[in-house]
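Okay, my_file17.txt is below, compact mmCIF, C-alpha atoms:
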# COMPACT_ATOMS: atom_id res chain seq x y z
CA MET D 19 111.76 143.48 92.09
CA PRO D 20 114.47 142.15 94.46
CA LEU D 21 114.04 138.55 95.56
CA ARG D 22 113.45 139.41 99.21
CA ARG D 23 110.83 142.00 98.36
CA ARG D 24 109.00 139.60 96.05
CA THR D 25 108.96 137.05 98.87
CA LEU D 26 107.54 139.50 101.38
CA VAL D 27 104.85 140.59 98.91
CA ALA D 28 103.86 136.97 98.35
CA LEU D 29 103.65 136.40 102.07
CA ALA D 30 101.54 139.51 102.62
CA ALA D 31 98.53 137.73 101.09
CA VAL D 32 96.04 136.57 103.71
CA ALA D 33 93.84 133.50 103.29
CA LEU D 34 90.15 134.36 103.46
CA ALA D 35 88.93 131.11 104.96
CA THR D 36 85.24 130.29 105.08
CA PRO D 37 85.03 127.55 107.71
CA THR D 38 82.38 124.86 107.85
CA ALA D 39 82.18 122.30 110.65
CA ASN D 40 85.61 120.83 110.05
CA ALA D 41 86.65 122.23 106.67
CA ALA D 42 87.50 125.54 105.06
CA VAL D 43 87.54 126.92 101.52
CA VAL D 44 90.37 129.30 100.70
CA PRO D 45 89.16 131.23 97.62
CA GLY D 46 92.22 133.47 97.39
CA ILE D 47 94.45 130.57 96.40
CA GLY D 48 92.03 128.08 94.87
CA ALA D 49 92.20 125.44 97.59
CA PHE D 50 90.27 123.75 100.32
CA SER D 51 91.53 122.40 103.62
CA SER D 52 90.45 120.92 106.90
CA ALA D 53 89.71 123.60 109.48
CA ASN D 54 92.89 122.80 111.42
CA VAL D 55 95.17 123.69 108.48
CA THR D 56 95.75 127.33 107.52
CA TRP D 57 97.50 128.67 104.42
CA HIS D 58 99.91 131.54 105.19
CA GLY D 59 101.49 132.26 101.82
CA THR D 60 103.23 130.90 98.75
CA LEU D 61 106.77 131.34 97.47
CA PRO D 62 106.49 131.00 93.67
CA VAL D 63 110.23 131.44 93.07
CA ASP D 64 111.29 127.80 93.39
CA VAL D 65 108.87 126.26 90.94
CA PRO D 66 108.74 123.48 89.98
CA GLY D 67 109.56 122.65 93.59
CA ILE D 68 111.01 119.19 94.15
CA GLY D 69 112.74 118.40 97.48
CA ALA D 70 114.31 120.02 100.51
CA ASP D 71 116.00 119.64 103.89
CA VAL D 72 115.72 121.59 107.15
CA VAL D 73 118.87 122.29 109.17
CA THR D 74 119.49 124.48 112.24
CA VAL D 75 122.91 126.15 112.35
CA GLY D 76 123.89 128.34 115.30
CA GLY D 77 120.27 129.11 116.18
CA GLN D 78 119.32 129.91 112.58
CA ARG D 79 116.88 127.47 110.99
CA ARG D 80 117.53 127.06 107.26
CA PHE D 81 115.49 125.56 104.44
CA TYR D 82 117.53 124.11 101.57
CA VAL D 83 115.21 123.52 98.63
CA THR D 84 115.77 122.24 95.11
CA GLY D 85 113.61 123.17 92.19
CA ALA D 86 114.14 122.70 88.49
CA ARG D 87 116.26 125.87 88.50
CA GLY D 88 118.72 124.92 91.21
CA LEU D 89 119.31 125.24 94.96
CA SER D 90 117.79 127.97 97.13
CA ILE D 91 118.51 128.56 100.82
CA TYR D 92 116.10 130.40 103.13
CA ASP D 93 116.30 131.59 106.72
CA VAL D 94 113.12 130.10 108.21
CA THR D 95 113.81 130.91 111.86
CA ASP D 96 110.44 132.67 111.65
CA PRO D 97 108.61 130.09 109.51
CA ALA D 98 105.79 132.52 108.72
CA LEU D 99 108.26 134.90 107.08
CA PRO D 100 111.11 133.11 105.24
CA ILE D 101 114.05 135.26 104.18
CA PRO D 102 116.08 134.32 101.07
CA LEU D 103 119.76 133.75 101.85
CA GLY D 104 121.28 132.47 98.62
CA HIS D 105 120.70 130.66 95.33
CA LEU D 106 122.75 128.56 92.92
CA GLU D 107 121.54 127.87 89.39
CA LEU D 108 122.00 124.20 88.46
CA PRO D 109 120.86 122.13 85.47
CA HIS D 110 119.66 119.21 87.55
CA PHE D 111 116.67 117.03 86.89
CA GLU D 112 115.42 114.66 88.11
CA ASN D 113 116.66 115.68 91.52
CA GLU D 114 114.28 114.04 93.97
CA ALA D 115 115.84 115.38 97.15
CA VAL D 116 118.73 117.24 98.75
CA ALA D 117 121.01 115.93 101.53
CA VAL D 118 122.58 118.54 103.80
CA ALA D 119 125.28 118.15 106.48
CA ARG D 120 123.92 119.00 109.92
CA ASP D 121 126.31 121.95 110.20
CA GLY D 122 124.94 123.33 106.94
CA SER D 123 128.32 123.27 105.24
CA VAL D 124 127.54 121.07 102.24
CA ALA D 125 124.50 120.11 100.19
CA ILE D 126 124.32 117.10 97.89
CA ILE D 127 122.04 117.16 94.86
CA ALA D 128 121.74 114.12 92.62
CA SER D 129 120.70 114.45 88.99
CA GLU D 130 119.47 111.19 87.52
CA ALA D 131 118.83 112.39 83.98
CA GLY D 132 121.93 114.59 84.01
CA LEU D 133 124.18 111.68 85.02
CA THR D 134 125.87 113.90 87.59
CA THR D 135 125.81 114.51 91.34
CA TYR D 136 126.63 117.97 92.67
CA VAL D 137 128.61 118.65 95.84
CA VAL D 138 127.69 122.22 96.83
CA ASP D 139 129.70 124.20 99.36
CA THR D 140 127.11 125.98 101.51
CA THR D 141 129.46 127.12 104.28
CA ASN D 142 128.34 130.63 103.38
CA PRO D 143 124.60 130.22 102.70
CA ALA D 144 124.54 133.57 100.92
CA VAL D 145 126.98 132.32 98.30
CA PRO D 146 126.53 128.58 97.62
CA THR D 147 129.19 127.36 95.20
CA LEU D 148 130.07 124.10 93.49
CA ALA D 149 132.77 122.26 95.40
CA SER D 150 132.89 119.36 92.92
CA VAL D 151 130.83 117.35 90.46
CA ILE D 152 130.64 113.55 90.62
CA ALA D 153 130.35 112.16 87.12
CA GLU D 154 127.69 109.63 88.11
CA GLY D 155 123.99 110.26 88.42
CA THR D 156 121.51 108.66 90.79
CA HIS D 157 117.88 109.04 91.80
CA THR D 158 118.68 110.15 95.35
CA ALA D 159 121.73 110.31 97.61
CA ALA D 160 122.21 110.19 101.39
CA CYS D 161 124.95 111.16 103.82
CA SER D 162 126.67 108.49 105.91
CA ASP D 163 126.80 110.70 109.00
CA ALA D 164 125.97 114.19 110.26
CA GLU D 165 129.11 115.60 108.61
CA CYS D 166 128.34 113.93 105.28
CA SER D 167 131.76 112.26 105.24
CA TYR D 168 130.58 109.63 102.76
CA LEU D 169 127.83 109.66 100.18
CA TYR D 170 125.50 106.73 99.42
CA ALA D 171 123.63 106.75 96.12
CA SER D 172 120.34 105.01 95.49
CA PHE D 173 122.00 103.41 92.45
CA GLY D 174 124.44 101.66 94.76
CA TRP D 175 127.71 103.54 94.42
CA ALA D 176 129.46 105.37 97.29
CA TYR D 177 132.02 108.18 97.53
CA ASP D 178 134.39 109.41 100.21
CA LEU D 179 133.56 113.13 100.60
CA ARG D 180 135.98 114.10 103.33
CA ASP D 181 137.83 116.13 100.70
CA ARG D 182 134.81 117.75 99.10
CA ALA D 183 136.77 119.15 96.20
CA ASN D 184 138.02 115.67 95.34
CA PRO D 185 135.45 112.94 95.99
CA LYS D 186 136.88 109.42 95.87
CA LYS D 187 134.81 106.43 94.86
CA VAL D 188 134.68 103.43 97.19
CA ALA D 189 133.06 100.02 96.79
CA ASP D 190 129.32 99.88 96.12
CA TRP D 191 127.67 100.26 99.48
CA GLY D 192 125.74 97.22 100.60
CA GLY D 193 127.19 95.35 97.61
CA GLU D 194 123.84 95.43 95.82
CA GLY D 195 124.58 97.82 92.96
CA TYR D 196 122.17 99.54 90.58
CA GLY D 197 118.53 99.74 91.57
CA PHE D 198 119.37 99.02 95.20
CA THR D 199 116.89 101.48 96.65
CA HIS D 200 114.79 104.52 95.91
CA ALA D 201 116.26 106.40 98.84
CA ALA D 202 118.46 105.78 101.85
CA ASN D 203 117.85 107.78 105.01
CA LEU D 204 120.25 108.56 107.85
CA ASP D 205 118.48 108.46 111.22
CA ASP D 206 119.45 110.38 114.33
CA ALA D 207 121.16 107.34 115.87
CA GLY D 208 123.59 107.04 112.95
CA TYR D 209 121.96 104.13 111.12
CA VAL D 210 121.09 104.23 107.41
CA ILE D 211 117.84 102.61 106.30
CA ALA D 212 117.27 101.76 102.64
CA ASP D 213 113.73 101.78 101.31
CA TRP D 214 113.42 99.35 98.47
CA SER D 215 114.30 96.22 100.42
CA LEU D 216 113.91 97.91 103.83
CA LYS D 217 117.33 97.10 105.23
CA MET D 218 119.17 98.85 108.04
CA TYR D 219 122.92 99.47 107.83
CA ASP D 220 125.44 100.67 110.40
CA PRO D 221 128.04 102.95 108.79
CA ARG D 222 129.58 104.20 112.02
CA THR D 223 132.59 101.86 112.14
CA ASP D 224 133.37 101.56 108.43
CA PRO D 225 131.37 104.01 106.32
CA ALA D 226 133.07 102.76 103.16
CA SER D 227 131.43 99.38 103.79
CA PRO D 228 128.46 99.72 106.16
CA THR D 229 127.32 96.62 108.03
CA LEU D 230 123.88 95.11 107.44
CA VAL D 231 122.17 95.12 110.84
CA ALA D 232 118.50 94.24 110.28
CA GLU D 233 115.76 94.04 107.69
CA MET D 234 112.06 93.37 107.26
CA GLY D 235 110.69 89.88 107.72
CA ASP D 236 108.43 87.87 105.46
CA ILE D 237 105.51 90.10 104.48
CA SER D 238 103.78 87.61 102.19
CA GLY D 239 100.04 88.23 102.17
CA GLN D 240 100.36 91.52 104.06
CA GLN D 241 99.54 94.92 102.61
CA VAL D 242 102.38 97.37 103.20
CA SER D 243 103.63 100.58 101.59
CA LEU D 244 107.36 100.88 101.12
CA GLY D 245 109.96 101.59 98.49
CA HIS D 246 109.96 105.39 98.45
CA ASN D 247 111.16 106.91 101.72
CA ASN D 248 111.29 106.23 105.44
CA GLN D 249 111.76 107.93 108.80
CA ARG D 250 112.60 106.56 112.22
CA PRO D 251 111.15 108.88 114.88
CA ASP D 252 113.07 109.43 118.13
CA ALA D 253 116.01 107.36 116.90
CA ASP D 254 118.35 109.38 119.11
CA LEU D 255 116.37 108.23 122.19
CA TRP D 256 116.60 104.53 121.38
CA GLN D 257 117.95 102.18 124.06
CA PRO D 258 118.49 98.41 123.57
CA ARG D 259 116.00 96.19 125.36
CA ALA D 260 117.12 93.65 127.89
CA ALA D 261 117.76 90.17 126.52
CA GLY D 262 114.49 88.29 126.05
CA ASP D 263 112.29 91.39 126.37
CA THR D 264 109.57 91.03 123.74
CA SER D 265 106.88 92.92 125.63
CA PRO D 266 104.33 94.76 123.47
CA GLY D 267 104.24 98.51 123.06
CA LEU D 268 106.80 100.49 121.12
CA ARG D 269 109.50 102.43 122.92
CA PRO D 270 111.36 105.49 121.59
CA GLY D 271 113.30 104.60 118.44
CA GLU D 272 111.36 101.37 117.79
CA LEU D 273 108.88 102.93 115.33
CA LEU D 274 109.68 103.05 111.62
CA LEU D 275 107.53 104.76 108.98
CA THR D 276 107.66 103.97 105.26
CA GLY D 277 105.83 105.29 102.21
CA GLY D 278 105.02 103.84 98.82
CA GLU D 279 104.80 105.42 95.37
CA THR D 280 102.68 103.54 92.84
CA LEU D 281 101.75 106.31 90.37
CA SER D 282 98.45 104.55 89.73
CA THR D 283 95.78 106.21 87.60
CA GLY D 284 92.96 104.00 88.81
CA SER D 285 91.79 102.87 92.21
CA CYS D 286 94.58 102.87 94.76
CA PRO D 287 96.64 99.67 94.95
CA GLY D 288 97.97 98.33 98.21
CA GLY D 289 101.39 99.96 98.07
CA SER D 290 100.22 103.55 97.73
CA GLY D 291 100.05 104.67 101.36
CA ILE D 292 102.10 104.91 104.57
CA THR D 293 103.00 101.95 106.81
CA SER D 294 104.18 101.88 110.42
CA TRP D 295 106.59 99.14 111.56
CA SER D 296 107.96 97.78 114.81
CA ILE D 297 111.74 97.44 114.76
CA ALA D 298 111.98 96.36 118.41
CA ASN D 299 115.06 94.22 119.11
CA PHE D 300 116.54 94.88 115.68
CA ASP D 301 119.93 94.91 117.37
CA ARG D 302 119.33 91.27 118.38
CA GLY D 303 118.41 90.08 114.91
CA ALA D 304 114.65 90.67 115.05
CA THR D 305 113.07 91.52 111.72
CA PHE D 306 110.84 94.52 111.09
CA THR D 307 107.11 93.85 111.58
CA PRO D 308 104.34 95.91 109.89
CA LEU D 309 101.77 97.40 112.26
CA ASP D 310 99.34 99.58 110.34
CA THR D 311 98.93 100.99 106.83
CA PHE D 312 96.94 103.99 105.64
CA TYR D 313 95.55 103.98 102.10
CA PRO D 314 93.82 106.89 100.37
CA SER D 315 90.11 106.70 99.68
CA ALA D 316 89.21 106.44 95.98
CA GLY D 317 85.97 106.51 94.05
CA ASN D 318 85.12 104.22 91.14
CA TYR D 319 82.88 106.45 88.96
CA VAL D 320 79.91 104.18 89.70
CA ASP D 321 79.61 105.77 93.14
CA GLY D 322 79.57 109.24 91.58
CA ASN D 323 83.22 110.01 92.45
CA PRO D 324 86.27 109.66 90.22
CA ALA D 325 89.09 107.30 90.96
CA VAL D 326 92.08 109.10 92.49
CA ASN D 327 93.41 111.20 89.64
CA ALA D 328 96.73 110.86 87.80
CA LEU D 329 99.50 110.68 90.41
CA GLY D 330 97.12 111.17 93.32
CA CYS D 331 97.22 107.63 94.65
CA SER D 332 100.83 107.85 95.74
CA SER D 333 102.37 109.34 98.80
CA HIS D 334 105.72 110.99 98.10
CA TRP D 335 108.18 112.61 100.53
CA PHE D 336 106.83 112.86 104.09
CA ASP D 337 108.13 114.24 107.36
CA TYR D 338 107.40 113.30 110.99
CA ARG D 339 107.38 115.60 114.01
CA ASP D 340 106.03 115.04 117.52
CA GLY D 341 103.52 112.34 116.62
CA VAL D 342 102.25 113.80 113.33
CA VAL D 343 103.26 113.01 109.75
CA ALA D 344 102.97 115.67 107.05
CA ALA D 345 103.06 114.07 103.60
CA GLY D 346 103.24 115.43 100.09
CA TRP D 347 100.67 113.44 98.12
CA TYR D 348 100.94 114.66 94.54
CA GLU D 349 97.50 115.77 93.28
CA ASN D 350 95.95 115.28 96.71
CA GLY D 351 98.04 118.05 98.23
CA VAL D 352 99.44 117.76 101.77
CA ARG D 353 98.01 115.19 104.16
CA PHE D 354 98.43 115.03 107.95
CA PHE D 355 98.40 111.82 110.00
CA ASP D 356 98.52 111.08 113.70
CA VAL D 357 100.81 108.11 114.40
CA HIS D 358 100.38 106.50 117.82
CA ARG D 359 103.76 106.31 119.50
CA THR D 360 103.31 102.87 121.11
CA THR D 361 100.96 101.04 118.72
CA GLY D 362 101.82 102.58 115.34
CA ASP D 363 98.13 103.19 114.55
CA ILE D 364 97.74 105.75 111.73
CA THR D 365 94.81 108.19 111.58
CA GLU D 366 94.32 111.02 109.08
CA VAL D 367 93.87 114.31 110.96
CA GLY D 368 93.97 117.04 108.30
CA TRP D 369 94.63 118.09 104.72
CA TYR D 370 95.45 120.99 102.43
CA GLN D 371 94.20 120.49 98.86
CA PRO D 372 94.89 123.08 96.15
CA VAL D 373 92.92 122.70 92.94
CA ALA D 374 96.05 122.55 90.77
CA THR D 375 98.87 120.82 92.66
CA GLU D 376 101.66 118.29 92.46
CA ALA D 377 102.79 118.22 96.09
CA TRP D 378 106.12 116.38 95.95
CA ALA D 379 107.13 116.85 99.58
CA ALA D 380 106.19 118.29 102.95
CA TYR D 381 108.58 119.41 105.72
CA TRP D 382 108.00 120.44 109.30
CA ILE D 383 109.80 123.70 110.06
CA ASP D 384 108.75 123.70 113.70
CA ASP D 385 105.88 122.16 115.70
CA GLU D 386 103.27 124.21 113.80
CA TYR D 387 104.52 125.19 110.37
CA VAL D 388 104.88 122.93 107.35
CA TYR D 389 106.34 123.85 103.96
CA SER D 390 104.82 122.08 100.98
CA VAL D 391 107.23 121.78 98.04
CA ASP D 392 105.02 121.67 94.97
CA ALA D 393 105.94 121.14 91.33
CA VAL D 394 103.04 123.39 90.26
CA ARG D 395 102.94 126.05 92.97
CA GLY D 396 106.43 126.40 94.44
CA ILE D 397 106.44 126.47 98.25
CA ASP D 398 103.20 126.72 100.23
CA ILE D 399 103.49 127.81 103.86
CA LEU D 400 100.97 126.01 106.07
CA ARG D 401 100.12 126.06 109.76
CA PHE D 402 98.78 122.92 111.41
CA ASP D 403 96.81 123.47 114.63
CA ARG D 404 97.58 120.48 116.85
CA ASP D 405 94.96 121.54 119.40
CA ALA D 406 92.06 121.82 116.96
CA ALA D 407 89.53 119.04 116.45
CA PRO D 408 90.41 116.80 113.48
CA PRO D 409 87.96 116.47 110.59
CA ALA D 410 85.27 113.83 110.62
CA GLN D 411 86.04 110.58 108.83
CA SER D 412 83.40 111.33 106.19
CA GLN D 413 85.10 114.63 105.41
CA SER D 414 88.49 112.99 105.12
CA ASP D 415 87.09 110.40 102.71
CA ALA D 416 85.37 113.05 100.61
CA SER D 417 88.52 115.16 100.38
CA TRP D 418 90.33 112.33 98.59
CA ARG D 419 87.56 111.94 96.04
CA LEU D 420 87.47 115.57 94.92
CA ASP D 421 83.68 115.72 94.92
CA PRO D 422 82.60 118.12 92.13
CA ASN D 423 79.90 119.56 94.40
CA ARG D 424 82.67 121.04 96.53
CA PRO D 425 83.74 124.55 95.42
CA LEU D 426 86.88 124.81 93.28
CA SER D 427 87.20 121.09 92.55
CA PHE D 428 87.48 121.38 88.77
CA VAL D 429 89.90 118.46 88.64
CA SER D 430 87.07 116.04 89.39
CA ARG D 431 84.85 117.55 86.71
CA ARG D 432 87.68 117.21 84.18
CA GLU D 433 88.07 113.54 84.99
CA ARG D 434 84.36 112.96 84.72
CA LEU D 435 84.29 114.69 81.31
CA LEU D 436 87.18 112.61 79.99
CA CYS D 437 85.56 109.43 81.27
CA SER D 438 82.21 110.20 79.61
CA GLN D 439 83.94 111.05 76.32
CA ALA D 440 85.82 107.75 76.40
CA GLN D 441 82.58 105.87 77.06
CA ARG D 442 80.88 107.56 74.08
CA ARG D 443 83.81 106.73 71.78
CA ALA D 444 83.67 103.10 72.91

Any chance you could give the structure as structure tokens?
Amino acid sequence: MPLRRRTLVALAAVALATPTANAAVVPGIGAFSSANVTWHGTLPVDVPGIGADVVTVGGQRRFYVTGARGLSIYDVTDPALPIPLGHLELPHFENEAVAVARDGSVAIIASEAGLTTYVVDTTNPAVPTLASVIAEGTHTAACSDAECSYLYASFGWAYDLRDRANPKKVADWGGEGYGFTHAANLDDAGYVIADWSLKMYDPRTDPASPTLVAEMGDISGQQVSLGHNNQRPDADLWQPRAAGDTSPGLRPGELLLTGGETLSTGSCPGGSGITSWSIANFDRGATFTPLDTFYPSAGNYVDGNPAVNALGCSSHWFDYRDGVVAAGWYENGVRFFDVHRTTGDITEVGWYQPVATEAWAAYWIDDEYVYSVDAVRGIDILRFDRDAAPPAQSQSDASWRLDPNRPLSFVSRRERLLCSQAQRRA
């Protein structure tokens, strides 16, 4: 069956939701969700799904996604009905993410285990081709600007990509070398923020050697989640404050969001959530200040609920749009959070939880639709109703614990079985 036809068949499935007060069971796909999240279909082609980027080119919205097989490009102008545009087979794992120039002309895919980084010419999205291969691997890579003129690797090296067929290595960016960061992220104001040490760089004057602008302050004794990825909402609207202005309340571009990945198999440690930060007056030397942190709710077996299972403690790639974060959360599916624009307060407002899932990432396609990139399922297409009432706090807590009394939650029963077997052997 042609790729496009397979996609349309997959999307023809309709979720048969059985709503309760603030939750719904979706028997057709083996999942449950809050009532404000609706499943619209699944693309099983790009599985295991790993990371993606969303770019709008000439009115066409495109989804560039990497799976274990390679790079796929979709036209998602109508997010409920994605249309395949092109695909390139690549032997690339572990490729945590993909960085795409804002004009859609090039995609960068790092391969840590393969010790290579691919520069893919996507000028024609129907026929993506290799422009060059950098003989150095890295966990993730980020563009220095909207054109992706330079490339910054999480392992510390940097390349001049202005001639994409012939990348040229430059000095290690930031001068901190291997293990510098998990991921660096280019914001809409042109700054690059690195996760591991939470430092902000300005590459606009000299992208071969970006300038350190600001960083987090002393966080001793404070619980924060960082080290995986970050986003700075409304960065393009940021305006410097007047000298001496330290008034409370965040303004556009002064909010920073970070996520932590702990991969814990027990109760959730402090770094396994999402943290909001104030970066007000960063241009005047002020350090970043944590505001609020969300942690998942875990059981402890004694209370009748299992501890968060396997990778489920950790947030992974998340995306922010118009006040709401959509986050891939491994075995706890996709989670939605309201983030207050002026205080940074974080409140969970929805979820989508398949029974079998490894949700690596979530991406807003528009104000309603989110694509979940899942290592087990491929790409789930979800709709988040911003006008619907959020679930009750008790329901949110229960959704993290995978209560075995809830339909389709076999994962919890499996954990409970393994735990009881271990106790008998002891």

Taking into account only C-alpha atoms, which residue in the set D:Glu114, D:Asp385, D:Leu99, D:Thr84 is nearest to Gly59 of chain D?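 The closest residue to Gly59 of chain D is D:Leu99.
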
For the atom pair atom CA of Gly341 of chain D and atom CA of Ala406 of chain D, what is the interatomic distance in Å to one decimal place?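 Computing it gives 14.9 Å between the two atoms.
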
Please indicate the distance in Å from atom CA of Ser52 of chain D to atom CA of Arg353 of chain D, rounded to one decimal place. 9.9 Å

Against segment 117-125 of chain D, which residues of segment 139-179 of chain D fall within 12 Å? For each one I want the closest pair of atoms and the distance in Å (one decimal), counting only C-alpha atoms, rows by chain and increasing residue number, as CSV.
residue,atom,partner,partner_atom,distance
D:Asp139,CA,D:Val124,CA,4.8
D:Thr140,CA,D:Ser123,CA,4.8
D:Thr141,CA,D:Ser123,CA,4.1
D:Asn142,CA,D:Ser123,CA,7.6
D:Pro143,CA,D:Gly122,CA,8.1
D:Ala144,CA,D:Ser123,CA,11.8
D:Val145,CA,D:Ser123,CA,11.5
D:Pro146,CA,D:Val124,CA,8.9
D:Thr147,CA,D:Val124,CA,9.6
D:Leu148,CA,D:Ala125,CA,9.6
D:Ala149,CA,D:Val124,CA,8.7
D:Ser150,CA,D:Val124,CA,10.9
D:Val151,CA,D:Ala125,CA,11.9
D:Thr158,CA,D:Ala117,CA,8.8
D:Ala159,CA,D:Ala117,CA,6.9
D:Ala160,CA,D:Ala117,CA,5.9
D:Cys161,CA,D:Ala117,CA,6.6
D:Ser162,CA,D:Ala119,CA,9.8
D:Asp163,CA,D:Ala119,CA,8.0
D:Ala164,CA,D:Arg120,CA,5.2
D:Glu165,CA,D:Ala119,CA,5.1
D:Cys166,CA,D:Ala119,CA,5.3
D:Ser167,CA,D:Ala119,CA,8.8
D:Tyr168,CA,D:Ala119,CA,10.7
D:Leu169,CA,D:Ala117,CA,9.4
D:Tyr170,CA,D:Ala117,CA,10.5
D:Ala171,CA,D:Ala117,CA,11.0
D:Leu179,CA,D:Val124,CA,10.1

Length of the atom CA of Ile152 of chain D to atom CA of His246 of chain D vector [Å]: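 Atom CA of His246 of chain D lies at a distance of 23.6 Å from atom CA of Ile152 of chain D.
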
Which residues are close to Ala201 of chain D, i.e. within 6 Å by only C-alpha atoms, leaving aside same-chain residues fewer than 5 positions away? Reply as a list in words.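 Here the answer would be Thr158, Ser172, Asp213 and Asn247 of chain D.
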
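Remark: residues at most 12 Å from position (106.2, 132.0, 110.7) in file coordinates are Leu29, Ala30, Thr56, Trp57, His58, Gly59, Arg79, Asp93, Val94, Thr95, Asp96, Pro97, Ala98, Leu99, Pro100, Ile101, Trp382, Ile383, Asp384, Asp385, Glu386, Tyr387, Val388, Tyr389, Ile399, Leu400, Arg401 and Phe402 of chain D, using only C-alpha atoms.
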
Padding of 5 Å on every side, edges along x, y and z, all listed atoms of segment 340-359 of chain D included: what centre and edge lengths in Å, to one decimal, does that box have, as JSON?
{"center_x": 101.0, "center_y": 112.2, "center_z": 106.4, "size_x": 20.1, "size_y": 21.7, "size_z": 36.2}

If we count all atoms listed in the file and set the cut-off at 10 Å, which residues sit around segment 295-303 of chain D, ignoring sequence neighbours fewer than 6 positions away in its own chain? Please answer as a PyMOL selection string. chain D and resi 218+231-234+242+250+256-276+309-311+360-363

D:Ser290, D:Asn113, D:Gln78, D:Thr134: which is nearest Tyr348 of chain D, counting only C-alpha atoms?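 Result for the nearest residue to Tyr348 of chain D: D:Ser290.
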
Minimum-distance residue to Pro221 of chain D, chosen among D:Asn203, D:Phe306, D:His358, D:Asp398 (using only C-alpha atoms): D:Asn203

I want to know what sits within 8 Å of Trp335 of chain D, based on all atoms listed in the file, with residues of the same chain fewer than 6 positions away left out; could you give that as a count of residues only? 10

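Of the residues listed (D:Gly88, D:Gly278, D:Pro251, D:Pro185), D:Pro251 shows the shortest atom-to-atom separation from Tyr338 of chain D; distances use all atoms listed in the file.
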
What lies within 9 Å of Ile364 of chain D using only C-alpha atoms, ignoring chain neighbours under 4 positions off, as a count of residues only? 10
